[in-house]
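Everything below belongs to final13.tsv, which stores TSV, N, CA and C atoms.
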chain	number	residue	atom	x	y	z
A	1	MET	N	1.17	-18.05	5.56
A	1	MET	CA	1.48	-16.64	5.71
A	1	MET	C	0.30	-15.81	5.19
A	2	THR	N	0.02	-14.75	5.88
A	2	THR	CA	-1.10	-13.88	5.52
A	2	THR	C	-0.65	-12.86	4.48
A	3	THR	N	-1.52	-12.63	3.53
A	3	THR	CA	-1.29	-11.60	2.52
A	3	THR	C	-2.26	-10.46	2.78
A	4	TRP	N	-1.74	-9.26	2.71
A	4	TRP	CA	-2.54	-8.05	2.93
A	4	TRP	C	-2.69	-7.32	1.61
A	5	ILE	N	-3.88	-6.82	1.36
A	5	ILE	CA	-4.17	-6.08	0.13
A	5	ILE	C	-4.76	-4.73	0.52
A	6	VAL	N	-4.18	-3.69	-0.05
A	6	VAL	CA	-4.70	-2.34	0.15
A	6	VAL	C	-5.11	-1.83	-1.22
A	7	ASP	N	-6.36	-1.43	-1.35
A	7	ASP	CA	-6.75	-0.75	-2.59
A	7	ASP	C	-7.19	0.65	-2.22
A	8	TYR	N	-6.97	1.56	-3.14
A	8	TYR	CA	-7.22	2.97	-2.82
A	8	TYR	C	-7.56	3.74	-4.08
A	9	ASP	N	-8.24	4.85	-3.86
A	9	ASP	CA	-8.59	5.77	-4.93
A	9	ASP	C	-8.20	7.16	-4.44
A	10	LEU	N	-7.17	7.72	-5.08
A	10	LEU	CA	-6.64	9.01	-4.65
A	10	LEU	C	-6.89	10.07	-5.71
A	11	PRO	N	-6.95	11.33	-5.29
A	11	PRO	CA	-7.12	12.42	-6.26
A	11	PRO	C	-5.91	12.51	-7.20
A	12	ALA	N	-6.16	12.88	-8.42
A	12	ALA	CA	-5.10	12.97	-9.43
A	12	ALA	C	-4.43	14.34	-9.36
A	13	ASP	N	-3.72	14.58	-8.28
A	13	ASP	CA	-2.99	15.83	-8.13
A	13	ASP	C	-1.71	15.56	-7.35
A	14	ASN	N	-1.11	16.61	-6.79
A	14	ASN	CA	0.16	16.46	-6.06
A	14	ASN	C	0.05	15.50	-4.87
A	15	ARG	N	-1.12	15.39	-4.29
A	15	ARG	CA	-1.28	14.48	-3.15
A	15	ARG	C	-1.01	13.03	-3.55
A	16	ARG	N	-1.41	12.66	-4.75
A	16	ARG	CA	-1.16	11.30	-5.22
A	16	ARG	C	0.35	11.08	-5.39
A	17	ARG	N	1.03	12.03	-6.01
A	17	ARG	CA	2.48	11.91	-6.18
A	17	ARG	C	3.19	11.83	-4.83
A	18	ASN	N	2.75	12.64	-3.89
A	18	ASN	CA	3.34	12.60	-2.55
A	18	ASN	C	3.11	11.25	-1.88
A	19	PHE	N	1.93	10.68	-2.07
A	19	PHE	CA	1.64	9.36	-1.53
A	19	PHE	C	2.63	8.34	-2.07
A	20	TYR	N	2.86	8.33	-3.38
A	20	TYR	CA	3.79	7.37	-3.97
A	20	TYR	C	5.22	7.61	-3.49
A	21	ARG	N	5.59	8.85	-3.29
A	21	ARG	CA	6.92	9.15	-2.74
A	21	ARG	C	7.06	8.60	-1.32
A	22	HIS	N	6.03	8.81	-0.51
A	22	HIS	CA	6.07	8.30	0.87
A	22	HIS	C	6.14	6.78	0.89
A	23	ILE	N	5.39	6.13	0.02
A	23	ILE	CA	5.40	4.67	-0.04
A	23	ILE	C	6.78	4.17	-0.47
A	24	ALA	N	7.33	4.76	-1.51
A	24	ALA	CA	8.66	4.34	-2.00
A	24	ALA	C	9.72	4.55	-0.92
A	25	LYS	N	9.64	5.67	-0.21
A	25	LYS	CA	10.60	5.94	0.85
A	25	LYS	C	10.47	4.92	1.99
A	26	TYR	N	9.25	4.62	2.38
A	26	TYR	CA	9.02	3.63	3.44
A	26	TYR	C	9.60	2.28	3.02
A	27	LEU	N	9.30	1.85	1.80
A	27	LEU	CA	9.80	0.56	1.33
A	27	LEU	C	11.32	0.51	1.32
A	28	ALA	N	11.94	1.57	0.85
A	28	ALA	CA	13.41	1.60	0.80
A	28	ALA	C	14.00	1.57	2.21
A	29	GLU	N	13.44	2.37	3.12
A	29	GLU	CA	13.96	2.42	4.48
A	29	GLU	C	13.80	1.10	5.22
A	30	MET	N	12.74	0.37	4.92
A	30	MET	CA	12.47	-0.89	5.61
A	30	MET	C	13.05	-2.09	4.87
A	31	GLY	N	13.66	-1.86	3.71
A	31	GLY	CA	14.24	-2.95	2.94
A	31	GLY	C	13.20	-3.84	2.29
A	32	LEU	N	12.05	-3.28	2.01
A	32	LEU	CA	10.94	-4.06	1.44
A	32	LEU	C	10.72	-3.80	-0.04
A	33	ASP	N	11.50	-2.92	-0.63
A	33	ASP	CA	11.24	-2.54	-2.01
A	33	ASP	C	11.37	-3.68	-3.01
A	34	GLU	N	12.05	-4.75	-2.65
A	34	GLU	CA	12.20	-5.89	-3.56
A	34	GLU	C	11.17	-6.98	-3.29
A	35	VAL	N	10.44	-6.91	-2.19
A	35	VAL	CA	9.55	-8.01	-1.83
A	35	VAL	C	8.08	-7.63	-1.75
A	36	THR	N	7.76	-6.40	-2.07
A	36	THR	CA	6.38	-5.93	-1.98
A	36	THR	C	5.88	-5.52	-3.35
A	37	GLY	N	4.69	-6.00	-3.69
A	37	GLY	CA	4.10	-5.63	-4.98
A	37	GLY	C	3.20	-4.43	-4.83
A	38	TRP	N	3.41	-3.45	-5.64
A	38	TRP	CA	2.51	-2.31	-5.68
A	38	TRP	C	2.59	-1.70	-7.05
A	39	SER	N	1.55	-1.03	-7.43
A	39	SER	CA	1.50	-0.50	-8.79
A	39	SER	C	0.70	0.78	-8.81
A	40	THR	N	0.70	1.42	-9.94
A	40	THR	CA	-0.12	2.62	-10.10
A	40	THR	C	-1.56	2.24	-10.41
A	41	GLN	N	-1.89	0.97	-10.30
A	41	GLN	CA	-3.27	0.53	-10.47
A	41	GLN	C	-4.03	0.60	-9.15
A	42	SER	N	-3.47	1.30	-8.18
A	42	SER	CA	-4.11	1.56	-6.90
A	42	SER	C	-4.29	0.31	-6.05
A	43	VAL	N	-3.32	-0.61	-6.12
A	43	VAL	CA	-3.37	-1.82	-5.32
A	43	VAL	C	-1.97	-2.12	-4.78
A	44	ILE	N	-1.93	-2.45	-3.51
A	44	ILE	CA	-0.69	-2.90	-2.87
A	44	ILE	C	-0.95	-4.30	-2.34
A	45	ILE	N	-0.03	-5.21	-2.63
A	45	ILE	CA	-0.12	-6.59	-2.13
A	45	ILE	C	1.16	-6.86	-1.36
A	46	THR	N	1.02	-7.24	-0.09
A	46	THR	CA	2.19	-7.44	0.75
A	46	THR	C	1.91	-8.48	1.82
A	47	GLU	N	2.97	-9.07	2.31
A	47	GLU	CA	2.86	-9.96	3.47
A	47	GLU	C	3.29	-9.24	4.74
A	48	ASP	N	3.64	-7.98	4.62
A	48	ASP	CA	4.08	-7.17	5.75
A	48	ASP	C	2.89	-6.37	6.29
A	49	LYS	N	2.38	-6.80	7.43
A	49	LYS	CA	1.19	-6.15	8.01
A	49	LYS	C	1.45	-4.68	8.33
A	50	ASP	N	2.63	-4.38	8.87
A	50	ASP	CA	2.95	-2.99	9.23
A	50	ASP	C	2.92	-2.08	8.00
A	51	PHE	N	3.48	-2.58	6.89
A	51	PHE	CA	3.45	-1.78	5.66
A	51	PHE	C	2.02	-1.61	5.17
A	52	ALA	N	1.23	-2.66	5.22
A	52	ALA	CA	-0.16	-2.57	4.78
A	52	ALA	C	-0.91	-1.52	5.59
A	53	LEU	N	-0.70	-1.53	6.90
A	53	LEU	CA	-1.35	-0.55	7.76
A	53	LEU	C	-0.85	0.87	7.47
A	54	TYR	N	0.44	1.00	7.21
A	54	TYR	CA	1.02	2.31	6.87
A	54	TYR	C	0.40	2.83	5.57
A	55	ALA	N	0.38	1.99	4.55
A	55	ALA	CA	-0.16	2.40	3.25
A	55	ALA	C	-1.64	2.74	3.36
A	56	TYR	N	-2.38	1.93	4.09
A	56	TYR	CA	-3.80	2.19	4.29
A	56	TYR	C	-4.01	3.53	5.00
A	57	SER	N	-3.23	3.77	6.03
A	57	SER	CA	-3.33	5.01	6.78
A	57	SER	C	-3.05	6.22	5.88
A	58	GLN	N	-1.97	6.13	5.11
A	58	GLN	CA	-1.60	7.24	4.22
A	58	GLN	C	-2.69	7.48	3.18
A	59	ALA	N	-3.17	6.41	2.57
A	59	ALA	CA	-4.19	6.54	1.51
A	59	ALA	C	-5.51	7.06	2.08
A	60	SER	N	-5.88	6.61	3.27
A	60	SER	CA	-7.14	7.03	3.89
A	60	SER	C	-7.17	8.53	4.16
A	61	GLN	N	-6.01	9.11	4.41
A	61	GLN	CA	-5.95	10.55	4.67
A	61	GLN	C	-6.19	11.36	3.40
A	62	LEU	N	-6.00	10.74	2.25
A	62	LEU	CA	-6.09	11.47	0.98
A	62	LEU	C	-7.32	11.13	0.15
A	63	GLY	N	-7.87	9.97	0.36
A	63	GLY	CA	-8.99	9.52	-0.45
A	63	GLY	C	-9.63	8.31	0.18
A	64	GLN	N	-10.23	7.50	-0.65
A	64	GLN	CA	-10.88	6.29	-0.16
A	64	GLN	C	-9.90	5.13	-0.20
A	65	ALA	N	-9.90	4.30	0.85
A	65	ALA	CA	-8.98	3.16	0.91
A	65	ALA	C	-9.66	2.00	1.62
A	66	HIS	N	-9.23	0.79	1.25
A	66	HIS	CA	-9.72	-0.43	1.88
A	66	HIS	C	-8.54	-1.32	2.19
A	67	LEU	N	-8.63	-2.04	3.30
A	67	LEU	CA	-7.58	-2.97	3.70
A	67	LEU	C	-8.21	-4.34	3.81
A	68	TYR	N	-7.59	-5.32	3.14
A	68	TYR	CA	-8.11	-6.68	3.13
A	68	TYR	C	-7.04	-7.64	3.64
A	69	LYS	N	-7.49	-8.65	4.31
A	69	LYS	CA	-6.64	-9.75	4.73
A	69	LYS	C	-6.99	-10.93	3.85
A	70	ALA	N	-6.06	-11.32	2.99
A	70	ALA	CA	-6.33	-12.39	2.04
A	70	ALA	C	-5.85	-13.71	2.62
A	71	GLU	N	-6.58	-14.75	2.32
A	71	GLU	CA	-6.26	-16.06	2.85
A	71	GLU	C	-6.40	-17.09	1.73
A	72	ARG	N	-5.36	-17.88	1.52
A	72	ARG	CA	-5.43	-18.90	0.49
A	72	ARG	C	-6.31	-20.04	0.99
A	73	VAL	N	-7.29	-20.41	0.21
A	73	VAL	CA	-8.24	-21.44	0.62
A	73	VAL	C	-7.72	-22.84	0.27
A	74	LYS	N	-7.16	-22.98	-0.90
A	74	LYS	CA	-6.63	-24.30	-1.32
A	74	LYS	C	-5.25	-24.14	-1.88

So that I can check it, write out the structure of this file as structure tokens.
Amino acid sequence: MTTWIVDYDLPADNRRRNFYRHIAKYLAEMGLDEVTGWSTQSVIITEDKDFALYAYSQASQLGQAHLYKAERVK
């Protein structure tokens, strides 16, 4: 299974709070809030590609963001 990693750097203002609200709402609506790791350390780790793309898109609109496809080597 593929793991997706989104890292981002957002401005420390209302836009950041709105981003976290949007992410929490998306997770709750999709039933992913128990299976997706994310933190205020500006990193999201998920196996859900659609969520990774959503989070990347939202973060990119507000600041700098990167999307990685992680692969276990061994």

Query raised in the report: Mind listing as an NGL selection string all residues within 6.5 Å of (-3.5, 3.2, -2.4), counting all atoms listed in the file?
Result: :A and (6-10 or 42-44 or 55 or 59 or 65)

Mind writing the picked residues with N, CA and C atoms as an mmCIF file, keeping the file's coordinate frame?
data_model
loop_
_atom_site.group_PDB
_atom_site.id
_atom_site.type_symbol
_atom_site.label_atom_id
_atom_site.label_comp_id
_atom_site.auth_asym_id
_atom_site.auth_seq_id
_atom_site.Cartn_x
_atom_site.Cartn_y
_atom_site.Cartn_z
ATOM 1 N N VAL A 6 -4.180 -3.690 -0.050
ATOM 2 C CA VAL A 6 -4.700 -2.340 0.150
ATOM 3 C C VAL A 6 -5.110 -1.830 -1.220
ATOM 4 N N ASP A 7 -6.360 -1.430 -1.350
ATOM 5 C CA ASP A 7 -6.750 -0.750 -2.590
ATOM 6 C C ASP A 7 -7.190 0.650 -2.220
ATOM 7 N N TYR A 8 -6.970 1.560 -3.140
ATOM 8 C CA TYR A 8 -7.220 2.970 -2.820
ATOM 9 C C TYR A 8 -7.560 3.740 -4.080
ATOM 10 N N ASP A 9 -8.240 4.850 -3.860
ATOM 11 C CA ASP A 9 -8.590 5.770 -4.930
ATOM 12 C C ASP A 9 -8.200 7.160 -4.440
ATOM 13 N N LEU A 10 -7.170 7.720 -5.080
ATOM 14 C CA LEU A 10 -6.640 9.010 -4.650
ATOM 15 C C LEU A 10 -6.890 10.070 -5.710
ATOM 16 N N SER A 42 -3.470 1.300 -8.180
ATOM 17 C CA SER A 42 -4.110 1.560 -6.900
ATOM 18 C C SER A 42 -4.290 0.310 -6.050
ATOM 19 N N VAL A 43 -3.320 -0.610 -6.120
ATOM 20 C CA VAL A 43 -3.370 -1.820 -5.320
ATOM 21 C C VAL A 43 -1.970 -2.120 -4.780
ATOM 22 N N ILE A 44 -1.930 -2.450 -3.510
ATOM 23 C CA ILE A 44 -0.690 -2.900 -2.870
ATOM 24 C C ILE A 44 -0.950 -4.300 -2.340
ATOM 25 N N ALA A 55 0.380 1.990 4.550
ATOM 26 C CA ALA A 55 -0.160 2.400 3.250
ATOM 27 C C ALA A 55 -1.640 2.740 3.360
ATOM 28 N N ALA A 59 -3.170 6.410 2.570
ATOM 29 C CA ALA A 59 -4.190 6.540 1.510
ATOM 30 C C ALA A 59 -5.510 7.060 2.080
ATOM 31 N N ALA A 65 -9.900 4.300 0.850
ATOM 32 C CA ALA A 65 -8.980 3.160 0.910
ATOM 33 C C ALA A 65 -9.660 2.000 1.620
#

Requested in this report: Identify, with DSSP run on backbone atoms, the residues in chain A assigned to strand (DSSP E or B), and express the list as number ranges by chain.
Outcome: A: 3-9, 37-38, 43-46, 64-70

Query - 7 Å contact set for Pro11 in chain A, only C-alpha atoms, chain neighbours under 3 positions out, as a ChimeraX atom specification - result: /A:15-16,63

Query - Point-to-point distance from atom C of Glu71 in chain A to atom N of Gly31 in chain A, Å rounded to tenths - result: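 According to the coordinates, atom C of Glu71 in chain A and atom N of Gly31 in chain A are separated by 25.3 Å.
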
Requested in this report: Could you tell me, as a PyMOL selection string, which residues of range 11-67 of chain A DSSP assigns to helix (DSSP H, G or I) when given the backbone?
Outcome: chain A and resi 14-30+49-62

Requested in this report: Name the closest residue to Tyr56 in chain A among the candidates A:Met30, A:Ala70, A:Ile23, A:Met1; distances are taken between atoms, counting only C-alpha atoms.
Outcome: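 Residue with the minimum atom-to-atom distance to Tyr56 in chain A: A:Ile23.
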
Query raised in the report: Any idea what the distance is between CA of Lys74 in chain A and atom C of Leu32 in chain A?
Result: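 That distance, rounded to one decimal, is 26.9 Å.
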
Query raised in the report: Interatomic distance between CA of Glu29 in chain A and CA of Trp4 in chain A?
Result: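 Rounded to one decimal, the two atoms are 19.6 Å apart.
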
Query - Nearest candidate to Gln58 in chain A (options A:Thr46, A:Phe19, A:Asp33, A:Ala24; using all atoms listed in the file) - result: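 Looking at the shortest contact to Gln58 in chain A, the residue is A:Phe19.
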
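Taking all atoms listed in the file into account, Ala52 in chain A lies nearest to A:Ile5 out of the set A:Val73, A:Asp13, A:Tyr20, A:Ile5.
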
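Minimum atom-to-atom distances from A:Leu27, A:Ala12, A:Gln64, A:Arg72 to Phe51 in chain A were compared using only N, CA and C atoms, and the lowest value belongs to A:Leu27.
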